[in-house]
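The next block is final_7.pdb, given as PDB, C-alpha atoms.
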ATOM      1  CA  MET A 522     -88.929  38.811 -18.799
ATOM      2  CA  PRO A 523     -88.759  36.417 -15.819
ATOM      3  CA  ALA A 524     -87.066  37.736 -12.685
ATOM      4  CA  ALA A 525     -84.225  35.197 -12.889
ATOM      5  CA  THR A 526     -83.403  36.247 -16.444
ATOM      6  CA  SER A 527     -83.456  39.965 -15.729
ATOM      7  CA  GLN A 528     -81.306  39.447 -12.656
ATOM      8  CA  ALA A 529     -78.877  37.275 -14.623
ATOM      9  CA  ALA A 530     -78.572  39.909 -17.311
ATOM     10  CA  ARG A 531     -77.228  42.396 -14.776
ATOM     11  CA  PRO A 532     -73.445  42.743 -14.895
ATOM     12  CA  GLY A 533     -71.921  40.504 -12.294
ATOM     13  CA  ALA A 534     -75.055  38.538 -11.464
ATOM     14  CA  GLY A 535     -74.107  34.935 -10.842
ATOM     15  CA  GLY A 536     -75.735  31.551 -10.647
ATOM     16  CA  PRO A 537     -77.060  29.074 -13.209
ATOM     17  CA  ALA A 538     -79.445  31.590 -14.793
ATOM     18  CA  ALA A 539     -76.505  33.886 -15.573
ATOM     19  CA  THR A 540     -74.746  31.027 -17.338
ATOM     20  CA  THR A 541     -77.829  30.388 -19.478
ATOM     21  CA  VAL A 542     -78.094  34.037 -20.520
ATOM     22  CA  VAL A 543     -74.375  34.232 -21.331
ATOM     23  CA  ALA A 544     -74.471  30.998 -23.342
ATOM     24  CA  GLY A 545     -77.319  32.387 -25.462
ATOM     25  CA  GLN A 546     -75.473  35.579 -26.365
ATOM     26  CA  SER A 547     -73.871  35.805 -29.745
ATOM     27  CA  LEU A 548     -70.145  36.062 -30.211
ATOM     28  CA  ALA A 549     -70.855  39.357 -31.942
ATOM     29  CA  ASP A 550     -71.377  40.800 -28.447
ATOM     30  CA  VAL A 551     -67.885  39.675 -27.479
ATOM     31  CA  PHE A 552     -66.281  41.147 -30.581
ATOM     32  CA  ALA A 553     -68.252  44.386 -30.235
ATOM     33  CA  ALA A 554     -67.186  44.733 -26.606
ATOM     34  CA  LEU A 555     -63.547  44.085 -27.489
ATOM     35  CA  GLY A 556     -63.725  46.569 -30.375
ATOM     36  CA  ASP A 557     -63.286  49.520 -28.029
ATOM     37  CA  PRO A 558     -59.646  50.365 -27.170
ATOM     38  CA  THR A 559     -60.454  51.172 -23.536
ATOM     39  CA  ARG A 560     -62.311  47.906 -23.005
ATOM     40  CA  LEU A 561     -59.534  45.979 -24.731
ATOM     41  CA  LYS A 562     -57.025  47.607 -22.377
ATOM     42  CA  LEU A 563     -59.174  46.669 -19.364
ATOM     43  CA  VAL A 564     -59.288  43.050 -20.563
ATOM     44  CA  GLY A 565     -55.500  43.155 -20.877
ATOM     45  CA  GLU A 566     -55.237  44.358 -17.285
ATOM     46  CA  LEU A 567     -57.580  41.611 -16.106
ATOM     47  CA  CYS A 568     -55.616  38.943 -18.012
ATOM     48  CA  ALA A 569     -53.011  39.058 -15.246
ATOM     49  CA  GLY A 570     -55.449  37.011 -13.184
ATOM     50  CA  GLY A 571     -57.104  37.718  -9.909
ATOM     51  CA  ALA A 572     -59.806  40.241  -9.142
ATOM     52  CA  TYR A 573     -59.241  43.988  -9.286
ATOM     53  CA  SER A 574     -61.053  46.979  -7.866
ATOM     54  CA  ILE A 575     -62.206  49.961  -9.902
ATOM     55  CA  ALA A 576     -59.501  52.007  -8.155
ATOM     56  CA  HIS A 577     -56.824  49.627  -9.450
ATOM     57  CA  LEU A 578     -58.282  49.537 -12.957
ATOM     58  CA  THR A 579     -58.457  53.345 -13.227
ATOM     59  CA  GLN A 580     -54.795  53.830 -12.290
ATOM     60  CA  ASN A 581     -53.497  53.613 -15.864
ATOM     61  CA  THR A 582     -56.314  55.466 -17.597
ATOM     62  CA  ALA A 583     -57.524  59.027 -17.966
ATOM     63  CA  LEU A 584     -61.080  57.791 -17.358
ATOM     64  CA  SER A 585     -63.074  58.361 -14.218
ATOM     65  CA  ARG A 586     -64.165  55.480 -12.028
ATOM     66  CA  GLN A 587     -67.667  55.929 -13.441
ATOM     67  CA  GLY A 588     -66.327  55.672 -17.001
ATOM     68  CA  VAL A 589     -64.390  52.498 -16.241
ATOM     69  CA  THR A 590     -67.461  51.066 -14.492
ATOM     70  CA  LYS A 591     -69.539  51.661 -17.641
ATOM     71  CA  HIS A 592     -66.931  49.907 -19.799
ATOM     72  CA  LEU A 593     -66.829  46.992 -17.360
ATOM     73  CA  GLY A 594     -70.619  46.814 -17.589
ATOM     74  CA  VAL A 595     -70.404  46.365 -21.364
ATOM     75  CA  LEU A 596     -67.755  43.657 -20.922
ATOM     76  CA  ALA A 597     -69.932  41.958 -18.276
ATOM     77  CA  GLU A 598     -72.984  41.985 -20.555
ATOM     78  CA  ALA A 599     -70.871  40.217 -23.186
ATOM     79  CA  GLY A 600     -69.795  37.662 -20.565
ATOM     80  CA  ILE A 601     -66.133  38.642 -20.700
ATOM     81  CA  VAL A 602     -65.822  39.830 -17.086
ATOM     82  CA  ARG A 603     -67.794  39.479 -13.898
ATOM     83  CA  ASP A 604     -67.818  41.239 -10.590
ATOM     84  CA  VAL A 605     -67.367  39.679  -7.199
ATOM     85  CA  LYS A 606     -68.503  41.409  -4.031
ATOM     86  CA  ILE A 607     -66.162  41.030  -1.094
ATOM     87  CA  GLY A 608     -67.587  42.953   1.810
ATOM     88  CA  ARG A 609     -68.368  46.430   0.537
ATOM     89  CA  GLU A 610     -65.837  46.194  -2.275
ATOM     90  CA  ARG A 611     -66.688  45.133  -5.796
ATOM     91  CA  LEU A 612     -63.855  43.392  -7.632
ATOM     92  CA  TRP A 613     -63.732  42.525 -11.320
ATOM     93  CA  GLN A 614     -62.224  39.453 -12.924
ATOM     94  CA  LEU A 615     -61.884  37.974 -16.378
ATOM     95  CA  GLN A 616     -64.181  35.189 -17.592
ATOM     96  CA  PRO A 617     -61.822  33.415 -20.029
ATOM     97  CA  ALA A 618     -64.448  30.993 -21.390
ATOM     98  CA  ARG A 619     -66.025  33.710 -23.575
ATOM     99  CA  LEU A 620     -62.626  34.686 -24.960
ATOM    100  CA  ASP A 621     -61.922  31.016 -25.687
ATOM    101  CA  GLU A 622     -65.213  30.791 -27.611
ATOM    102  CA  ALA A 623     -64.212  33.851 -29.648
ATOM    103  CA  ARG A 624     -60.755  32.393 -30.312
ATOM    104  CA  LEU A 625     -62.250  29.113 -31.500
ATOM    105  CA  ALA A 626     -64.639  30.980 -33.798
ATOM    106  CA  LEU A 627     -61.743  32.958 -35.300
ATOM    107  CA  GLU A 628     -59.735  29.768 -35.771
ATOM    108  CA  ALA A 629     -62.678  28.188 -37.639
ATOM    109  CA  ILE A 630     -62.959  31.262 -39.856
ATOM    110  CA  GLY A 631     -59.215  31.069 -40.493
ATOM    111  CA  ARG A 632     -59.470  27.411 -41.534
ATOM    112  CA  GLU A 633     -62.301  28.233 -43.951
ATOM    113  CA  TRP A 634     -60.265  31.098 -45.379
ATOM    114  CA  GLU A 635     -57.272  28.797 -45.919
ATOM    115  CA  ARG A 636     -59.504  26.241 -47.707
ATOM    116  CA  ALA A 637     -60.931  28.967 -49.940
ATOM    117  CA  LEU A 638     -57.445  30.222 -50.822
ATOM    118  CA  SER A 639     -56.343  26.660 -51.533
ATOM    119  CA  ARG A 640     -59.288  26.166 -53.933
ATOM    120  CA  ILE A 641     -58.465  29.426 -55.714
ATOM    121  CA  LYS A 642     -54.806  28.436 -55.987
ATOM    122  CA  SER A 643     -55.741  25.011 -57.407
ATOM    123  CA  PHE A 644     -58.091  26.629 -59.909
ATOM    124  CA  VAL A 645     -55.476  29.148 -61.068
ATOM    125  CA  GLU A 646     -52.741  26.524 -61.358
ATOM    126  CA  LYS A 647     -55.085  24.168 -63.223
ATOM    127  CA  ASN A 648     -55.970  26.865 -65.768
ATOM    128  CA  ASP A 649     -52.397  28.033 -66.409
TER     129      ASP A 649
END

Represent the supplied structure as C-alpha cells.
Amino acid sequence: MPAATSQAARPGAGGPAATTVVAGQSLADVFAALGDPTRLKLVGELCAGGAYSIAHLTQNTALSRQGVTKHLGVLAEAGIVRDVKIGRERLWQLQPARLDEARLALEAIGREWERALSRIKSFVEKND
C-alpha cells in the first residue's frame, strides 16, 4: 500500500488522500459503525457541533478514555468523525457528509420499497 494511502487510512489523517480513501469506502462501513450503541451515542454527542476532547466525550459513559478512543477510531475509519490536533490536545468532530450519504441511501431504499408496495397493491386490487 502506498504511504499516502496508509497514512490516510489512519483515523484523523487529513488531506486529499484521506478524502479519496473515505470516498471509496462502502456505506456498509458507516452502518456497521453506527450499529453499536456506544458509537451511536458518541455521534449524538458530536452532533452538537464543534470539536470535543476524549475527556468531554467520556463524561456521560461508563467507558474508559481508551475505550472511547477505540470507538472513535472505528467511527473515523468509516469517515463519520475525524480528529483535529490543537497543540497537545486531540479533539474529535463529526463529518456530516458520510451521514448525509447514508441518509440518501436509506431514502433511495425507502422509495424503492414504496414502489414495490404500490405494485403489490395494484396487483392485488386488479385480481380482486

Who sits within 12 Å of Asn581 (chain A), all atoms listed in the file, same chain under 2 positions skipped, as a compact mmCIF listing (two decimals) with C-alpha atoms, keeping the file's coordinate frame:
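The file below, selection.txt, is the result:
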# COMPACT_ATOMS: atom_id res chain seq x y z
CA THR A 559 -60.45 51.17 -23.54
CA LYS A 562 -57.02 47.61 -22.38
CA LEU A 563 -59.17 46.67 -19.36
CA GLY A 565 -55.50 43.16 -20.88
CA GLU A 566 -55.24 44.36 -17.28
CA ILE A 575 -62.21 49.96 -9.90
CA ALA A 576 -59.50 52.01 -8.15
CA HIS A 577 -56.82 49.63 -9.45
CA LEU A 578 -58.28 49.54 -12.96
CA THR A 579 -58.46 53.34 -13.23
CA ALA A 583 -57.52 59.03 -17.97
CA LEU A 584 -61.08 57.79 -17.36
CA SER A 585 -63.07 58.36 -14.22
CA ARG A 586 -64.17 55.48 -12.03
CA VAL A 589 -64.39 52.50 -16.24

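Note that the spacing between CA of Val551 (chain A) and CA of Ala599 (chain A) amounts to 5.3 Å.
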
Box time for region 598-614 of chain A: axis-aligned, enclosing all its listed atoms, 4 Å extra on each side; report centre and edge lengths in Å to one decimal, as JSON.
{"center_x": -67.6, "center_y": 42.0, "center_z": -10.7, "size_x": 18.8, "size_y": 16.8, "size_z": 33.0}

If we count only C-alpha atoms, what is near Tyr573 (chain A) at a cut-off of 12 Å, once residues fewer than 2 positions away on the same chain are taken out, given as a PDB file with C-alpha atoms, keeping the file's coordinate frame?
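Below is the file result_17.pdb, written as the result:
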ATOM      1  CA  LEU A 563     -59.174  46.669 -19.364  1.00  0.00           C
ATOM      2  CA  VAL A 564     -59.288  43.050 -20.563  1.00  0.00           C
ATOM      3  CA  GLU A 566     -55.237  44.358 -17.285  1.00  0.00           C
ATOM      4  CA  LEU A 567     -57.580  41.611 -16.106  1.00  0.00           C
ATOM      5  CA  CYS A 568     -55.616  38.943 -18.012  1.00  0.00           C
ATOM      6  CA  ALA A 569     -53.011  39.058 -15.246  1.00  0.00           C
ATOM      7  CA  GLY A 570     -55.449  37.011 -13.184  1.00  0.00           C
ATOM      8  CA  GLY A 571     -57.104  37.718  -9.909  1.00  0.00           C
ATOM      9  CA  ILE A 575     -62.206  49.961  -9.902  1.00  0.00           C
ATOM     10  CA  ALA A 576     -59.501  52.007  -8.155  1.00  0.00           C
ATOM     11  CA  HIS A 577     -56.824  49.627  -9.450  1.00  0.00           C
ATOM     12  CA  LEU A 578     -58.282  49.537 -12.957  1.00  0.00           C
ATOM     13  CA  THR A 579     -58.457  53.345 -13.227  1.00  0.00           C
ATOM     14  CA  GLN A 580     -54.795  53.830 -12.290  1.00  0.00           C
ATOM     15  CA  LEU A 593     -66.829  46.992 -17.360  1.00  0.00           C
ATOM     16  CA  VAL A 602     -65.822  39.830 -17.086  1.00  0.00           C
ATOM     17  CA  ARG A 603     -67.794  39.479 -13.898  1.00  0.00           C
ATOM     18  CA  ASP A 604     -67.818  41.239 -10.590  1.00  0.00           C
ATOM     19  CA  VAL A 605     -67.367  39.679  -7.199  1.00  0.00           C
ATOM     20  CA  LYS A 606     -68.503  41.409  -4.031  1.00  0.00           C
ATOM     21  CA  ILE A 607     -66.162  41.030  -1.094  1.00  0.00           C
ATOM     22  CA  GLU A 610     -65.837  46.194  -2.275  1.00  0.00           C
ATOM     23  CA  ARG A 611     -66.688  45.133  -5.796  1.00  0.00           C
ATOM     24  CA  LEU A 612     -63.855  43.392  -7.632  1.00  0.00           C
ATOM     25  CA  TRP A 613     -63.732  42.525 -11.320  1.00  0.00           C
ATOM     26  CA  GLN A 614     -62.224  39.453 -12.924  1.00  0.00           C
ATOM     27  CA  LEU A 615     -61.884  37.974 -16.378  1.00  0.00           C
TER      28      LEU A 615
END

What is the distance between CA of Gln616 (chain A) and CA of Ile601 (chain A), in Å to one decimal?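 Interatomic distance, CA of Gln616 (chain A) to CA of Ile601 (chain A): 5.0 Å.
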
So, with all atoms listed in the file as the atoms that count, which of A:Ala572, A:Gly594, A:Gln587, A:Ile641 lies closest to Ala554 (chain A)?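 The answer is A:Gly594, which sits nearest to Ala554 (chain A).
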
d(CA of Gly556 (chain A), CA of Leu638 (chain A)) in Å: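 Interatomic distance here is 26.9 Å.
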
Nearest to Ala618 (chain A) by atom-to-atom distance, counting only C-alpha atoms, from A:Asp649, A:Leu548, A:Lys642, A:Gly588: A:Leu548

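With all atoms listed in the file as the atoms that count, the minimum distance from Glu622 (chain A) to the choices A:Gly600, A:Gly608, A:Ser574, A:Ser639 is reached by A:Gly600.
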
Near-Phe552 (chain A) list (12 Å; all atoms listed in the file; drop same-chain fewer than 4 positions) as a ChimeraX atom specification: /A:546-548,556-558,560-561,595-596,599-601,619-620,622-624,626-627

File for region 617-628 of chain A (N, CA, C and O atoms), as an mmCIF file, in the first residue's frame:
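selection_35.cif, freshly written:
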data_model
loop_
_atom_site.group_PDB
_atom_site.id
_atom_site.type_symbol
_atom_site.label_atom_id
_atom_site.label_comp_id
_atom_site.auth_asym_id
_atom_site.auth_seq_id
_atom_site.Cartn_x
_atom_site.Cartn_y
_atom_site.Cartn_z
ATOM 1 N N PRO A 617 -20.250 15.304 8.771
ATOM 2 C CA PRO A 617 -21.639 15.066 8.377
ATOM 3 C C PRO A 617 -21.834 14.546 6.954
ATOM 4 O O PRO A 617 -22.872 13.961 6.655
ATOM 5 N N ALA A 618 -20.858 14.698 6.084
ATOM 6 C CA ALA A 618 -21.025 14.251 4.693
ATOM 7 C C ALA A 618 -21.301 12.749 4.615
ATOM 8 O O ALA A 618 -22.137 12.309 3.825
ATOM 9 N N ARG A 619 -20.614 11.950 5.436
ATOM 10 C CA ARG A 619 -20.831 10.498 5.409
ATOM 11 C C ARG A 619 -22.233 10.155 5.910
ATOM 12 O O ARG A 619 -22.879 9.250 5.385
ATOM 13 N N LEU A 620 -22.708 10.867 6.899
ATOM 14 C CA LEU A 620 -24.067 10.625 7.394
ATOM 15 C C LEU A 620 -25.090 11.037 6.345
ATOM 16 O O LEU A 620 -26.120 10.380 6.191
ATOM 17 N N ASP A 621 -24.803 12.103 5.610
ATOM 18 C CA ASP A 621 -25.696 12.523 4.523
ATOM 19 C C ASP A 621 -25.756 11.452 3.436
ATOM 20 O O ASP A 621 -26.830 11.166 2.899
ATOM 21 N N GLU A 622 -24.600 10.859 3.105
ATOM 22 C CA GLU A 622 -24.583 9.779 2.111
ATOM 23 C C GLU A 622 -25.446 8.610 2.584
ATOM 24 O O GLU A 622 -26.211 8.037 1.799
ATOM 25 N N ALA A 623 -25.338 8.265 3.852
ATOM 26 C CA ALA A 623 -26.127 7.159 4.405
ATOM 27 C C ALA A 623 -27.618 7.501 4.368
ATOM 28 O O ALA A 623 -28.453 6.658 4.018
ATOM 29 N N ARG A 624 -27.946 8.738 4.716
ATOM 30 C CA ARG A 624 -29.352 9.167 4.683
ATOM 31 C C ARG A 624 -29.913 9.079 3.273
ATOM 32 O O ARG A 624 -31.022 8.575 3.054
ATOM 33 N N LEU A 625 -29.143 9.554 2.297
ATOM 34 C CA LEU A 625 -29.602 9.487 0.909
ATOM 35 C C LEU A 625 -29.793 8.045 0.447
ATOM 36 O O LEU A 625 -30.743 7.739 -0.278
ATOM 37 N N ALA A 626 -28.898 7.166 0.866
ATOM 38 C CA ALA A 626 -29.034 5.748 0.507
ATOM 39 C C ALA A 626 -30.305 5.163 1.117
ATOM 40 O O ALA A 626 -31.041 4.426 0.450
ATOM 41 N N LEU A 627 -30.582 5.493 2.371
ATOM 42 C CA LEU A 627 -31.805 4.996 3.020
ATOM 43 C C LEU A 627 -33.059 5.563 2.363
ATOM 44 O O LEU A 627 -34.065 4.859 2.223
ATOM 45 N N GLU A 628 -32.999 6.817 1.952
ATOM 46 C CA GLU A 628 -34.139 7.417 1.255
ATOM 47 C C GLU A 628 -34.388 6.707 -0.074
ATOM 48 O O GLU A 628 -35.545 6.461 -0.442
#
